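Text of the file start-v9.txt, holding compact mmCIF, C-alpha atoms:
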# COMPACT_ATOMS: atom_id res chain seq x y z
CA GLN A 1 115.36 79.70 100.96
CA GLN A 2 117.60 77.83 98.55
CA LYS A 3 120.81 79.70 97.74
CA VAL A 4 123.39 79.18 95.04
CA GLN A 5 126.77 80.71 95.85
CA GLN A 6 129.32 81.41 93.15
CA SER A 7 132.95 82.39 93.43
CA PRO A 8 134.89 84.36 92.53
CA GLU A 9 132.67 87.35 91.71
CA SER A 10 135.03 88.36 88.95
CA LEU A 11 138.02 86.82 87.26
CA ILE A 12 140.61 88.12 84.83
CA VAL A 13 142.74 85.65 82.87
CA PRO A 14 145.14 86.14 79.96
CA GLU A 15 144.29 84.76 76.53
CA GLY A 16 145.32 81.10 76.45
CA GLY A 17 145.04 80.77 80.22
CA MET A 18 142.83 78.58 82.42
CA ALA A 19 139.70 79.96 84.12
CA SER A 20 138.18 78.12 87.08
CA LEU A 21 134.74 78.99 88.42
CA ASN A 22 132.98 77.56 91.48
CA CYS A 23 129.38 77.02 92.56
CA THR A 24 127.74 75.52 95.67
CA SER A 25 124.07 74.97 96.50
CA SER A 26 122.62 75.11 100.01
CA ASP A 27 119.68 72.83 99.13
CA ARG A 28 120.29 69.13 99.74
CA ASN A 29 117.42 68.29 97.35
CA VAL A 30 119.31 69.66 94.35
CA ASP A 31 119.99 66.95 91.79
CA TYR A 32 120.73 68.97 88.66
CA PHE A 33 123.23 71.70 87.85
CA TRP A 34 123.74 73.81 84.78
CA TRP A 35 126.24 76.45 83.70
CA TYR A 36 124.89 79.32 81.62
CA ARG A 37 126.85 81.99 79.80
CA GLN A 38 125.54 85.51 79.31
CA HIS A 39 127.35 87.90 76.99
CA SER A 40 126.86 91.61 77.61
CA GLY A 41 123.41 92.78 76.53
CA LYS A 42 122.24 89.25 75.74
CA SER A 43 120.13 86.67 77.57
CA PRO A 44 121.69 83.66 79.33
CA LYS A 45 122.27 80.54 77.23
CA MET A 46 123.00 77.07 78.53
CA LEU A 47 126.63 76.10 78.24
CA MET A 48 126.84 72.75 80.01
CA SER A 49 124.82 70.54 82.31
CA ILE A 50 125.95 67.97 84.86
CA PHE A 51 123.76 65.61 86.80
CA SER A 52 126.11 62.84 87.97
CA ASN A 53 129.18 62.80 90.15
CA GLY A 54 132.38 63.20 88.21
CA GLU A 55 133.55 65.12 85.21
CA LYS A 56 132.19 66.07 81.81
CA GLU A 57 134.23 67.61 78.99
CA GLU A 58 133.07 69.44 75.89
CA GLY A 59 135.86 70.98 73.88
CA ARG A 60 137.69 73.56 76.00
CA PHE A 61 135.08 73.35 78.77
CA THR A 62 135.10 70.86 81.67
CA VAL A 63 132.61 70.65 84.51
CA HIS A 64 132.98 68.73 87.74
CA LEU A 65 130.28 67.75 90.21
CA ASN A 66 130.52 66.50 93.77
CA LYS A 67 126.97 65.69 94.88
CA ALA A 68 127.94 65.04 98.49
CA SER A 69 129.15 68.63 98.87
CA LEU A 70 126.69 70.05 96.30
CA HIS A 71 129.64 71.69 94.59
CA THR A 72 130.22 72.11 90.87
CA SER A 73 133.06 73.82 89.04
CA LEU A 74 133.60 74.98 85.47
CA HIS A 75 137.06 75.08 83.93
CA ILE A 76 137.84 76.80 80.66
CA ARG A 77 141.22 76.00 79.13
CA ASP A 78 142.90 78.02 76.40
CA SER A 79 140.58 80.94 77.25
CA GLN A 80 139.65 83.27 74.39
CA PRO A 81 138.53 86.91 74.47
CA SER A 82 135.15 85.68 73.17
CA ASP A 83 134.77 83.74 76.46
CA SER A 84 134.46 87.08 78.29
CA ALA A 85 130.97 86.98 79.78
CA LEU A 86 128.93 86.47 82.94
CA TYR A 87 128.84 82.79 83.92
CA LEU A 88 125.77 81.72 85.87
CA CYS A 89 125.35 78.52 87.83
CA ALA A 90 121.81 77.10 88.07
CA ALA A 91 120.49 74.44 90.44
CA ARG A 92 117.21 72.59 90.30
CA PRO A 93 115.91 70.42 93.14
CA SER A 94 113.79 67.46 92.17
CA ASN A 95 111.19 68.18 94.88
CA THR A 96 110.21 71.69 93.69
CA ASN A 97 111.61 71.93 90.15
CA LYS A 98 112.14 75.67 90.47
CA VAL A 99 115.42 76.84 88.97
CA VAL A 100 117.59 79.04 91.15
CA PHE A 101 120.60 80.93 89.83
CA GLY A 102 123.72 82.22 91.51
CA THR A 103 124.78 85.85 91.10
CA GLY A 104 127.43 84.82 88.61
CA THR A 105 131.14 85.12 87.93
CA ARG A 106 132.17 87.85 85.52
CA LEU A 107 135.06 86.54 83.40
CA GLN A 108 137.32 88.82 81.41
CA VAL A 109 139.89 87.31 79.06
CA LEU A 110 142.60 89.78 78.10
CA PRO A 111 144.22 89.53 74.64
CA ASP B 1 110.61 76.83 66.14
CA ALA B 2 110.26 80.14 67.97
CA GLY B 3 112.05 80.64 71.26
CA VAL B 4 110.71 82.60 74.24
CA THR B 5 109.23 85.91 73.09
CA GLN B 6 109.08 88.92 75.38
CA THR B 7 107.46 92.28 74.75
CA PRO B 8 108.18 95.10 74.99
CA ARG B 9 112.00 95.04 74.81
CA HIS B 10 112.22 98.40 76.57
CA GLU B 11 109.79 100.20 78.88
CA VAL B 12 110.06 103.56 80.57
CA ALA B 13 107.55 104.25 83.33
CA GLU B 14 106.94 107.07 85.75
CA LYS B 15 106.95 106.26 89.44
CA GLY B 16 103.51 105.04 90.49
CA GLN B 17 102.48 103.82 87.05
CA THR B 18 101.24 100.31 86.32
CA ILE B 19 103.15 98.34 83.71
CA ILE B 20 102.50 94.95 82.15
CA LEU B 21 105.22 92.81 80.64
CA LYS B 22 104.34 89.97 78.29
CA CYS B 23 105.86 86.57 77.57
CA GLU B 24 105.19 83.72 75.16
CA PRO B 25 107.04 80.52 76.18
CA VAL B 26 108.48 77.96 73.79
CA SER B 27 105.62 75.94 72.32
CA GLY B 28 105.06 72.75 74.33
CA HIS B 29 106.94 73.91 77.42
CA ASN B 30 105.09 73.36 80.71
CA ASP B 31 107.26 75.38 83.09
CA LEU B 32 107.48 79.18 82.95
CA PHE B 33 109.68 81.42 85.08
CA TRP B 34 109.89 85.18 85.58
CA TYR B 35 113.22 86.54 86.82
CA ARG B 36 114.52 90.01 87.59
CA GLN B 37 118.19 90.67 86.84
CA THR B 38 120.29 93.43 88.38
CA LYS B 39 124.05 93.77 88.74
CA ILE B 40 123.84 93.69 92.54
CA GLN B 41 121.29 90.91 93.15
CA GLY B 42 121.80 88.85 90.02
CA LEU B 43 118.90 86.72 88.77
CA GLU B 44 116.03 86.72 91.29
CA LEU B 45 113.08 84.38 90.81
CA LEU B 46 109.79 86.31 90.80
CA SER B 47 107.29 83.61 89.81
CA TYR B 48 107.20 80.00 88.64
CA PHE B 49 104.29 78.32 86.84
CA ARG B 50 103.83 74.66 86.04
CA SER B 51 101.08 73.88 83.52
CA LYS B 52 99.56 77.32 84.22
CA SER B 53 99.44 76.76 88.00
CA LEU B 54 101.39 79.18 90.16
CA MET B 55 104.00 77.17 92.07
CA GLU B 56 106.14 80.01 93.48
CA ASP B 57 105.14 83.63 93.89
CA GLY B 58 108.53 85.08 94.79
CA GLY B 59 108.02 85.82 98.48
CA ALA B 60 109.33 89.37 98.90
CA PHE B 61 107.98 90.39 95.50
CA LYS B 62 104.36 89.54 96.29
CA ASP B 63 103.02 92.95 97.21
CA ARG B 64 103.49 94.89 93.96
CA PHE B 65 104.31 92.12 91.51
CA LYS B 66 101.66 89.82 90.05
CA ALA B 67 102.31 87.20 87.41
CA GLU B 68 99.52 85.43 85.60
CA MET B 69 99.32 82.67 83.05
CA LEU B 70 96.03 82.94 81.22
CA ASN B 71 96.77 80.06 78.89
CA SER B 72 99.67 77.72 78.20
CA SER B 73 101.15 80.06 75.60
CA PHE B 74 100.95 83.46 77.29
CA SER B 75 101.98 85.01 80.59
CA THR B 76 102.02 88.53 81.98
CA LEU B 77 103.89 90.23 84.80
CA LYS B 78 102.19 93.28 86.27
CA ILE B 79 104.06 95.74 88.48
CA GLN B 80 101.73 98.09 90.35
CA PRO B 81 102.70 100.71 91.39
CA THR B 82 106.19 100.97 89.95
CA GLU B 83 109.09 102.39 91.98
CA PRO B 84 112.55 103.53 90.81
CA LYS B 85 114.11 100.48 92.52
CA ASP B 86 112.18 98.26 90.08
CA SER B 87 114.49 99.41 87.28
CA ALA B 88 116.07 96.19 85.99
CA VAL B 89 115.95 93.63 83.19
CA TYR B 90 113.00 91.27 83.48
CA LEU B 91 113.60 87.86 81.94
CA CYS B 92 111.02 85.24 81.10
CA ALA B 93 112.14 81.63 80.69
CA SER B 94 110.52 78.29 79.96
CA SER B 95 111.36 74.61 80.02
CA LEU B 96 109.83 71.22 79.45
CA GLN B 97 108.42 69.54 82.51
CA GLY B 98 111.07 67.61 84.41
CA ALA B 99 113.79 68.64 86.79
CA ASN B 100 116.58 67.70 84.36
CA THR B 101 115.41 69.92 81.52
CA GLU B 102 117.18 73.03 80.27
CA VAL B 103 115.69 76.49 80.77
CA PHE B 104 115.43 78.76 77.70
CA PHE B 105 115.38 82.54 78.14
CA GLY B 106 113.71 85.34 76.25
CA LYS B 107 115.64 88.48 75.31
CA GLY B 108 114.22 90.34 78.29
CA THR B 109 112.47 93.63 78.94
CA ARG B 110 114.61 96.51 80.21
CA LEU B 111 112.45 98.56 82.59
CA THR B 112 113.43 102.06 83.65
CA VAL B 113 111.31 103.79 86.29
CA VAL B 114 111.85 107.53 86.59

Full structure transcribed into structure tokens:
Amino acid sequence: QQKVQQSPESLIVPEGGMASLNCTSSDRNVDYFWWYRQHSGKSPKMLMSIFSNGEKEEGRFTVHLNKASLHTSLHIRDSQPSDSALYLCAARPSNTNKVVFGTGTRLQVLP
Amino acid sequence: DAGVTQTPRHEVAEKGQTIILKCEPVSGHNDLFWYRQTKIQGLELLSYFRSKSLMEDGGAFKDRFKAEMLNSSFSTLKIQPTEPKDSAVYLCASSLQGANTEVFFGKGTRLTVV
């Protein structure tokens, strides 16, 4: 059974600080990773995707991927209170195409 | 272009009742997923369809949960009989075919079983 592990479970950072979130898949067939953000009472929405080794930056958000270790991380710089949400990591293996999510990291940014 | 539509948004059922949740995927999407979300377990995959064919039936959820896709634009999730532990948010999601395609979620159905 494919598992996606996320850490930490929860994270508190001050406004303007850096938040770092981690995600690892147990399935060696996983080729594609996404990060989704879910605000309270809302449905998850895709934040960033990463499919190749290395780094990808979009504004204040940076994702890293190491395919050998099946590990991805999301870094949010200059964190804002509006970034407070549940961050979900998703992995999709190319042999089954089913999308599996981790249990998430709950981020709280304090003003 | 409409996103994923789920109905009802809220459902209250008595223990032992049968309930049916409905989902309309994004037009043109071939993959459809049903997930259950709770604070403890997170997002658990219940069923996965590709072009209306059931690809994954959720293992542990098989006995009381049955998802169907009658046509490419409509899916249902039946829970029979309901139990209090089924209280959760049920999310339907869809994507284009292809492992590198983004998944889009509906707003979910909040089920409470009393």

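Atom CA of Gly104 of chain A to atom CA of Thr7 of chain B spans 25.4 Å [interatomic distance, one decimal].
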
Only residues of chain B matter here; which ones have an atom within 12 Å of chain A, counting all atoms listed in the file? Give them as a compact mmCIF listing (two decimals) with C-alpha atoms, in the frame of the given file.
# COMPACT_ATOMS: atom_id res chain seq x y z
CA GLY B 3 112.05 80.64 71.26
CA VAL B 4 110.71 82.60 74.24
CA THR B 5 109.23 85.91 73.09
CA GLN B 6 109.08 88.92 75.38
CA ARG B 9 112.00 95.04 74.81
CA ASN B 30 105.09 73.36 80.71
CA ASP B 31 107.26 75.38 83.09
CA LEU B 32 107.48 79.18 82.95
CA PHE B 33 109.68 81.42 85.08
CA TRP B 34 109.89 85.18 85.58
CA TYR B 35 113.22 86.54 86.82
CA ARG B 36 114.52 90.01 87.59
CA GLN B 37 118.19 90.67 86.84
CA THR B 38 120.29 93.43 88.38
CA LYS B 39 124.05 93.77 88.74
CA ILE B 40 123.84 93.69 92.54
CA GLN B 41 121.29 90.91 93.15
CA GLY B 42 121.80 88.85 90.02
CA LEU B 43 118.90 86.72 88.77
CA GLU B 44 116.03 86.72 91.29
CA LEU B 45 113.08 84.38 90.81
CA LEU B 46 109.79 86.31 90.80
CA SER B 47 107.29 83.61 89.81
CA TYR B 48 107.20 80.00 88.64
CA PHE B 49 104.29 78.32 86.84
CA ARG B 50 103.83 74.66 86.04
CA LEU B 54 101.39 79.18 90.16
CA MET B 55 104.00 77.17 92.07
CA GLU B 56 106.14 80.01 93.48
CA ASP B 57 105.14 83.63 93.89
CA GLY B 58 108.53 85.08 94.79
CA GLY B 59 108.02 85.82 98.48
CA ALA B 60 109.33 89.37 98.90
CA VAL B 89 115.95 93.63 83.19
CA TYR B 90 113.00 91.27 83.48
CA LEU B 91 113.60 87.86 81.94
CA CYS B 92 111.02 85.24 81.10
CA ALA B 93 112.14 81.63 80.69
CA SER B 94 110.52 78.29 79.96
CA SER B 95 111.36 74.61 80.02
CA LEU B 96 109.83 71.22 79.45
CA GLN B 97 108.42 69.54 82.51
CA GLY B 98 111.07 67.61 84.41
CA ALA B 99 113.79 68.64 86.79
CA ASN B 100 116.58 67.70 84.36
CA THR B 101 115.41 69.92 81.52
CA GLU B 102 117.18 73.03 80.27
CA VAL B 103 115.69 76.49 80.77
CA PHE B 104 115.43 78.76 77.70
CA PHE B 105 115.38 82.54 78.14
CA GLY B 106 113.71 85.34 76.25
CA LYS B 107 115.64 88.48 75.31
CA GLY B 108 114.22 90.34 78.29
CA THR B 109 112.47 93.63 78.94
CA ARG B 110 114.61 96.51 80.21

Item to complete: Rank nothing, just name the residue among B:Thr76, B:Ser51, B:Thr82, B:Thr112 nearest to His29 of chain B, using only C-alpha atoms.
Response: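 For His29 of chain B, the nearest of the candidates is B:Ser51.
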
Discussion item. Could you check the closest approach to Ala19 of chain A for each of A:Leu110, A:Ile76, A:Ala85, A:Val63 and tell me which residue wins, using all atoms listed in the file?
Written reply: A:Ile76

Worksheet item: Ser79 of chain A: which residues within 6 Å, counting only C-alpha atoms, same-chain residues fewer than 4 positions away excluded, as JSON, numbers by chain?
Response: {"A": [15, 16, 17]}

Worksheet item: With only C-alpha atoms as the basis for distance, which of A:Thr24, A:Gln2, A:Asn29, A:Gln108 is at the shortest distance from Ser84 of chain A?
Response: A:Gln108

Item to complete: Enter the distance from atom CA of Ser52 of chain A to atom CA of Arg77 of chain A, in Å, rounded to one decimal.
Response: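 Separation of atom CA of Ser52 of chain A and atom CA of Arg77 of chain A: 21.9 Å.
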
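Minimum atom-to-atom distances from A:Leu65, A:Leu74, A:Leu47, A:Met18 to Gln6 of chain A were compared using all atoms listed in the file, and the lowest value belongs to A:Leu74.
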
Fill in: Between atom CA of Thr18 of chain B and atom CA of Ser75 of chain B, distance in Å (one decimal)
16.4 Å

Worksheet item: Restricting the calculation to only C-alpha atoms, which member of A:Val109, A:Leu70, A:Val4, A:Ile12 is positioned closest to Ser82 of chain A?
Response: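 Residue with the minimum atom-to-atom distance to Ser82 of chain A: A:Val109.
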
Worksheet item: Nearest to Leu107 of chain A: which of A:Val13, A:Gln5, A:Phe61, A:Asp27 is it, counting only C-alpha atoms?
Response: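 The shortest atom-to-atom distance to Leu107 of chain A comes from A:Val13.
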
Discussion item. I'd like the neighbourhood of His64 of chain A as a VMD selection string, where a residue qualifies if any of its atoms comes within 7 Å (using all atoms listed in the file), though same-chain residues fewer than 2 positions away should be ignored.
Written reply: chain A and resid 54 to 56 62 66 72 to 74
